[in-house]
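Note sheet for the following structure.
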Protein chains: 2
Amino acid sequence: MAIIVQKFGGTSVGSLERIENVAEQIIKTKRQGHQVVAVLSAMSGETNRLTELANQLDPNPSPREVDMLLASGEQVSIALLSIALIKRGFSAVSLLAHQIGLQTDNRFNKARILNVDNQRMLQELQQGHIVIVAGFQGVDHEGNITTLGRGGSDTSAVAIATALQAKECQIFTDVDGVYTTDPRIDENARKLPYVSFEEMLEMASSGAKVLQSRSVEFAGNHKMPLRVLSSFTEGEGTSITFEQQADKKHPVSAITSHKDEAMICVVGIQCGEQFRSKLLILLAKVDIEIDMLTQTAKDVDKINFTFTVHQHDYQQAMLITKSLTAKFSVDELFGDNRVVKVSAIGNGMRSHSGVAAKLFECLLANNIDVYLVSAAEIKISVLVKEENLTRSVQVLHKKFQLNTII
Amino acid sequence: MAIIVQKFGGTSVGSLERIENVAEQIIKTKRQGHQVVAVLSAMSGETNRLTELANQLDPNPSPREVDMLLASGEQVSIALLSIALIKRGFSAVSLLAHQIGLQTDNRFNKARILNVDNQRMLQELQQGHIVIVAGFQGVDHEGNITTLGRGGSDTSAVAIATALQAKECQIFTDVDGVYTTDPRIDENARKLPYVSFEEMLEMASSGAKVLQSRSVEFAGNHKMPLRVLSSFTEGEGTSITFEQQADKKHPVSAITSHKDEAMICVVGIQCGEQFRSKLLILLAKVDIEIDMLTQTAKDVDKINFTFTVHQHDYQQAMLITKSLTAKFSVDELFGDNRVVKVSAIGNGMRSHSGVAAKLFECLLANNIDVYLVSAAEIKISVLVKEENLTRSVQVLHKKFQLNTII
């Protein structure tokens with residue numbers, strides 16, 4: 001009997017009726033002869049409700065206590081699902097993170113998983129039980145409750161699947177798979193039957209919200225097959241695989257966009273190398289992640305340095321950059337938080353030259369200015385004005401023949 | 001520095017505003033130079049809300065899963081209180097039952113505390129932290145979450161106070177102390193400045209809802225001084241002490257009443273001894289507790305056997321009794337669940353004779369029939385018709401001069 005790990009998000013368990021649907025879904029899998037471990041998020045709205053309560057008491061509540069507070073949400077959903085399964089004659093047991101030894105570091109609100117002990121879960125599975133685990137939460141070395149950040153239940157599911165050497169980790173969500181682009185932006189978007197881990201990872205980090213990028217990375221590192229499925233409709237979803245699916249016709253598999261970008265440009269820095277390394281250290285210290293980054297020579301002894309951060313971090317990053325420019329000779333500092341990142345992603349780009357050329361040609365032909373470019377092995381991203389988001393996605397989706405895929 | 005344990009019930013933490021009041025109360029105690037451990041219930045209404053969700057899925061939900069579900073309620077209140085304290089500049093740390101090693105047996109929904117580890121709490125107190133503990137919950141030897149039953153937070157508080165060798169365990173509630181009787185039944189009820197443990201225990205088991213009897217028993221056994229206080233008004237409350245406060249004028253300290261009684265009478269049983277012991281075993285097997293109990297000889301070889309159970313257990317107890325009467329020769333079986341128990345309680349009864357006589361005389365003078373009597377060292381209880389409840393309490397309260405106490 002193979003172990004299947006199924007993760008259900010907040011909307012999938014958002015009401016008692018939906019919890020009963022999830023119970024039926026699990027029973028279906030169980031009846032196919034599998035051992036099932038379900039990993040749940042809190043009922044939709046619950047995390048926001050609790051966060052709101054905390055914020056009313058303190059706009060900057062203690063991170064440790066917020067994790068204590070939020071972790072209660074999953075505790076409710078797992079208990080209710082177990083009750084629904086037991087009512088249907090299936091033995092089920094709900095378990096919290098500390099009960100399965102899901103160890104994390106102690107970075108409250110955004111902890112990282114260090115280890116998952118499979119002993120208790122295997123024991124329950126061997127006894128024929130369906131195991132229902134609270135996602136999103138962990139426990140640090142002192143026994144404090146931690147949470148993994150928004151979307152962390154995906155990572156919980158993958159870590160648990162890995163610890164159990166599961167056959168597949170299925171992520172049930174409110175969409176029925178991974179699309180060539182966001183259907184709300186381009187109605188020509190098509191569902192992909194499979195994507196590679198590399199593509200999925202680039203998509204997740206480029207704005208496709210279907211899976212949290214950390215969970216894809218974790219799965220990729222541990223060779224855990226993933227599948228994205230809908231909680232609400234039947235279907236095979238999208239399988240995330242290791243096979244290099246060379247698609248001659250489609251060097252690009254998806255066009256993604258990411259709204260929450262903000263750009264900071266420092267122009268004409270003397271001692272640019274020093275400036276850059278100091279700035280990166282300062283930003284890292286306050287956990288501000290840099291996304292895109294370019295450096296160009298302005299003249300012999302000056303450089304220009306441009307980078308993007310998450311919009312949430314824009315004000316703080318700008319302040320830090322400003323404080324540093326005061327200590328260096330800098331011609332100009334400016335920023336823009338009305339920019340978006342549009343990316344073309346595809347395994348096929350490895351073997352197809354000319355994707356970049358085609359992309360720039362297409363944007364130029366449509367009069368879309370590009371502020372910043374970054375390229376990886378299977379991805380090209382461009383930073384464009386916010387108002388060009390939809391048009392950029394649509395013209396590129398068409399250009400790379402994704403309107404007609406499959 | 002002495003440790004004070006303060007327990008706040010559901011209504012005391014029923015809203016954010018009330019949680020902030022509790023924070024102020026704790027800060028006041030802290031400023032008096034004490035180390036404070038607060039034990040909380042869930043926000044009022046929350047346990048009912050969660051129970052309702054479970055019951056909608058299954059009218060008889062799995063006890064283990066119900067405990068998992070309900071324990072989330074205290075997790076929310078302790079985190080919110082910690083946030084409120086930290087916002088006020090006081091370091092606070094919330095802890096769940098498993099984090100303080102509050103071990104119970106595995107009788108889900110009504111677990112009993114076996115042990116409390118004081119290590120983590122003492123460590124936090126030594127670091128100057130206010131410790132906020134989830135009441136009502138525990139953890140069994142397998143690490144499953146258990147709950148202690150309604151009112152269990154009182155017991156949690158006493159067990160924690162005992163483990164910490166606290167100076168006092170203060171139970172904050174929505175009344176400002178222990179009264180000579182329920183003020184809603186008799187407006188002449190007076191607040192008692194102190195009661196003895198024995199009296200409090202008899203009161204709790206006889207219908208006074210201010211403290212759960214298990215918690216009083218626990219405190220008495222461990223010589224932990226208790227105090228009942230109001231969360232909403234200033235005052236010294238009622239101290240529950242060990243001193244034998246002989247009060248010549250008042251042999252009776254309180255009149256209590258208990259509505260949820262049901263009486264079962266078996267008349268003319270042959271082999272009565274056998275019948276009785278078999279019945280008691282059968283009832284114990286399904287956890288039905290017997291409250292009052294009398295046995296009288298009907299004639300040479302027959303006895304009458306009358307007992308009371310909680311109203312919730314009436315139907316089941318009646319069925320069990322009926323099934324047993326089928327195997328014995330019995331003249332008659334009947335029951336009544338429209339009966340109440342009225343009790344007179346007082347340490348002074350030890351040294352005062354004639355309390356029983358006075359009580360019966362008083363009830364007789366007021367034409368109140370008595371169905372069953374039970375007497376203990378400091379308590380006399382009578383079973384009367386439901387409609388005589390208020391009048392019984394009022395006439396006895398007056399008769400024993402409690403209208404003018406203090």
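Chain labels A, B, ... are given in the sequence in which chains occur in the structure tokens; within each chain residues are numbered consecutively from 1, and ligands are likewise numbered from 1 in the order shown.
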
Check: which chain A residues lie within 8 Å of chain B using only C-alpha atoms, as a list in words: Leu16, Leu53, Ala54, Leu57, Asp58, Pro61, Ser62, Glu65, Val66, Met68, Leu69, Leu70, Ser72, Gly73, Gln75, Val76, Ala79, Leu80, Ser82, Ile83, Ala84, Ile86, Lys87, Val93, Ser94, Gln99, Gly143 and Asn144 of chain A

Take the residues just selected and output them with C-alpha atoms as an mmCIF file, in the first residue's frame.
```cif
data_model
loop_
_atom_site.group_PDB
_atom_site.id
_atom_site.type_symbol
_atom_site.label_atom_id
_atom_site.label_comp_id
_atom_site.auth_asym_id
_atom_site.auth_seq_id
_atom_site.Cartn_x
_atom_site.Cartn_y
_atom_site.Cartn_z
ATOM 1 C CA LEU A 16 -18.703 22.125 7.411
ATOM 2 C CA LEU A 53 -8.020 40.182 17.001
ATOM 3 C CA ALA A 54 -4.284 40.309 17.687
ATOM 4 C CA LEU A 57 -4.695 44.515 20.896
ATOM 5 C CA ASP A 58 -1.349 45.479 19.404
ATOM 6 C CA PRO A 61 1.882 41.793 18.245
ATOM 7 C CA SER A 62 4.564 39.503 19.646
ATOM 8 C CA GLU A 65 2.220 34.841 20.569
ATOM 9 C CA VAL A 66 0.845 35.345 17.069
ATOM 10 C CA MET A 68 0.435 30.459 19.332
ATOM 11 C CA LEU A 69 -2.768 32.225 18.280
ATOM 12 C CA LEU A 70 -2.800 31.289 14.591
ATOM 13 C CA SER A 72 -5.307 27.202 16.781
ATOM 14 C CA GLY A 73 -6.934 27.560 13.356
ATOM 15 C CA GLN A 75 -6.369 22.560 15.235
ATOM 16 C CA VAL A 76 -10.050 23.261 14.617
ATOM 17 C CA ALA A 79 -10.466 17.898 14.537
ATOM 18 C CA LEU A 80 -13.597 18.612 12.487
ATOM 19 C CA SER A 82 -11.508 13.653 11.793
ATOM 20 C CA ILE A 83 -14.987 13.832 13.285
ATOM 21 C CA ALA A 84 -16.487 13.801 9.766
ATOM 22 C CA ILE A 86 -15.154 8.839 11.963
ATOM 23 C CA LYS A 87 -18.867 9.554 11.445
ATOM 24 C CA VAL A 93 -6.758 10.619 14.098
ATOM 25 C CA SER A 94 -5.830 14.285 14.059
ATOM 26 C CA GLN A 99 2.677 15.469 18.029
ATOM 27 C CA GLY A 143 8.817 23.379 22.253
ATOM 28 C CA ASN A 144 7.366 26.750 21.229
#
```

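The set of residues in segment 135-187 of chain B assigned to strand (DSSP E or B) by DSSP, using only backbone atoms of this structure, is Gln137, Gly138, Val139, Ile145, Thr146, Thr147, Glu168, Cys169, Gln170, Ile171, Phe172, Thr173, Val178 and Tyr179 of chain B.
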
Long-range neighbours of His141 of chain A as a ChimeraX atom specification, 8 Å cut-off, only C-alpha atoms, 4 positions minimum in chain: /A:103-106

A:Asp287, A:Asp336, A:Glu198, A:Glu273 ranked by distance to Phe242 of chain A, top pick (using only C-alpha atoms): A:Glu198

For Ile185 of chain A: contacts at 9 Å, only C-alpha atoms, fewer than 2 positions along chain excluded, given as a PyMOL selection string: chain A and resi 181-183+187-189+389-391+393-394

Kindly save the residues from that selection, with N, CA, C and O atoms included, as a CSV table (one decimal), in the first residue's frame.
```csv
chain,number,residue,atom,x,y,z
A,181,THR,N,-1.0,30.7,-18.0
A,181,THR,CA,-1.0,32.0,-17.4
A,181,THR,C,-2.2,32.1,-16.5
A,181,THR,O,-3.1,31.3,-16.5
A,182,ASP,N,-2.3,33.2,-15.8
A,182,ASP,CA,-3.5,33.4,-14.9
A,182,ASP,C,-4.7,33.7,-15.8
A,182,ASP,O,-4.8,34.7,-16.5
A,183,PRO,N,-5.7,32.8,-15.7
A,183,PRO,CA,-6.9,32.9,-16.5
A,183,PRO,C,-7.7,34.2,-16.3
A,183,PRO,O,-8.4,34.7,-17.2
A,187,GLU,N,-7.9,35.1,-20.9
A,187,GLU,CA,-8.9,34.1,-21.0
A,187,GLU,C,-8.4,32.9,-21.9
A,187,GLU,O,-9.0,31.8,-21.9
A,188,ASN,N,-7.3,33.1,-22.6
A,188,ASN,CA,-6.8,32.0,-23.4
A,188,ASN,C,-5.9,31.0,-22.6
A,188,ASN,O,-5.3,30.1,-23.2
A,189,ALA,N,-5.8,31.3,-21.4
A,189,ALA,CA,-4.9,30.4,-20.5
A,189,ALA,C,-5.4,29.0,-20.6
A,189,ALA,O,-6.6,28.7,-20.6
A,389,LEU,N,0.7,45.5,-17.3
A,389,LEU,CA,0.7,44.1,-16.9
A,389,LEU,C,-0.1,43.2,-17.8
A,389,LEU,O,0.4,42.3,-18.4
A,390,THR,N,-1.4,43.5,-17.9
A,390,THR,CA,-2.3,42.6,-18.6
A,390,THR,C,-1.9,42.5,-20.1
A,390,THR,O,-1.8,41.4,-20.7
A,391,ARG,N,-1.6,43.6,-20.7
A,391,ARG,CA,-1.2,43.6,-22.1
A,391,ARG,C,0.1,42.8,-22.3
A,391,ARG,O,0.2,42.0,-23.3
A,393,VAL,N,1.3,40.3,-20.6
A,393,VAL,CA,1.0,38.9,-20.4
A,393,VAL,C,0.3,38.4,-21.7
A,393,VAL,O,0.6,37.4,-22.3
A,394,GLN,N,-0.7,39.1,-22.2
A,394,GLN,CA,-1.5,38.7,-23.3
A,394,GLN,C,-0.7,38.6,-24.6
A,394,GLN,O,-0.8,37.6,-25.3
```

For segment 22-39 of chain A: contacts at 7 Å, only C-alpha atoms, fewer than 2 positions along chain excluded, given as number ranges by chain: A: 1-8, 18-20, 81, 84-85, 125, 130-135, 157

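For Ile368 of chain A, the list of residues within 9 Å, based on only C-alpha atoms and with local chain neighbours fewer than 3 positions off taken out, reads A:Cys362, A:Leu363, A:Leu364, A:Ala365, A:Val384, A:Lys385, A:Asn388, A:Arg391, A:Ser392.
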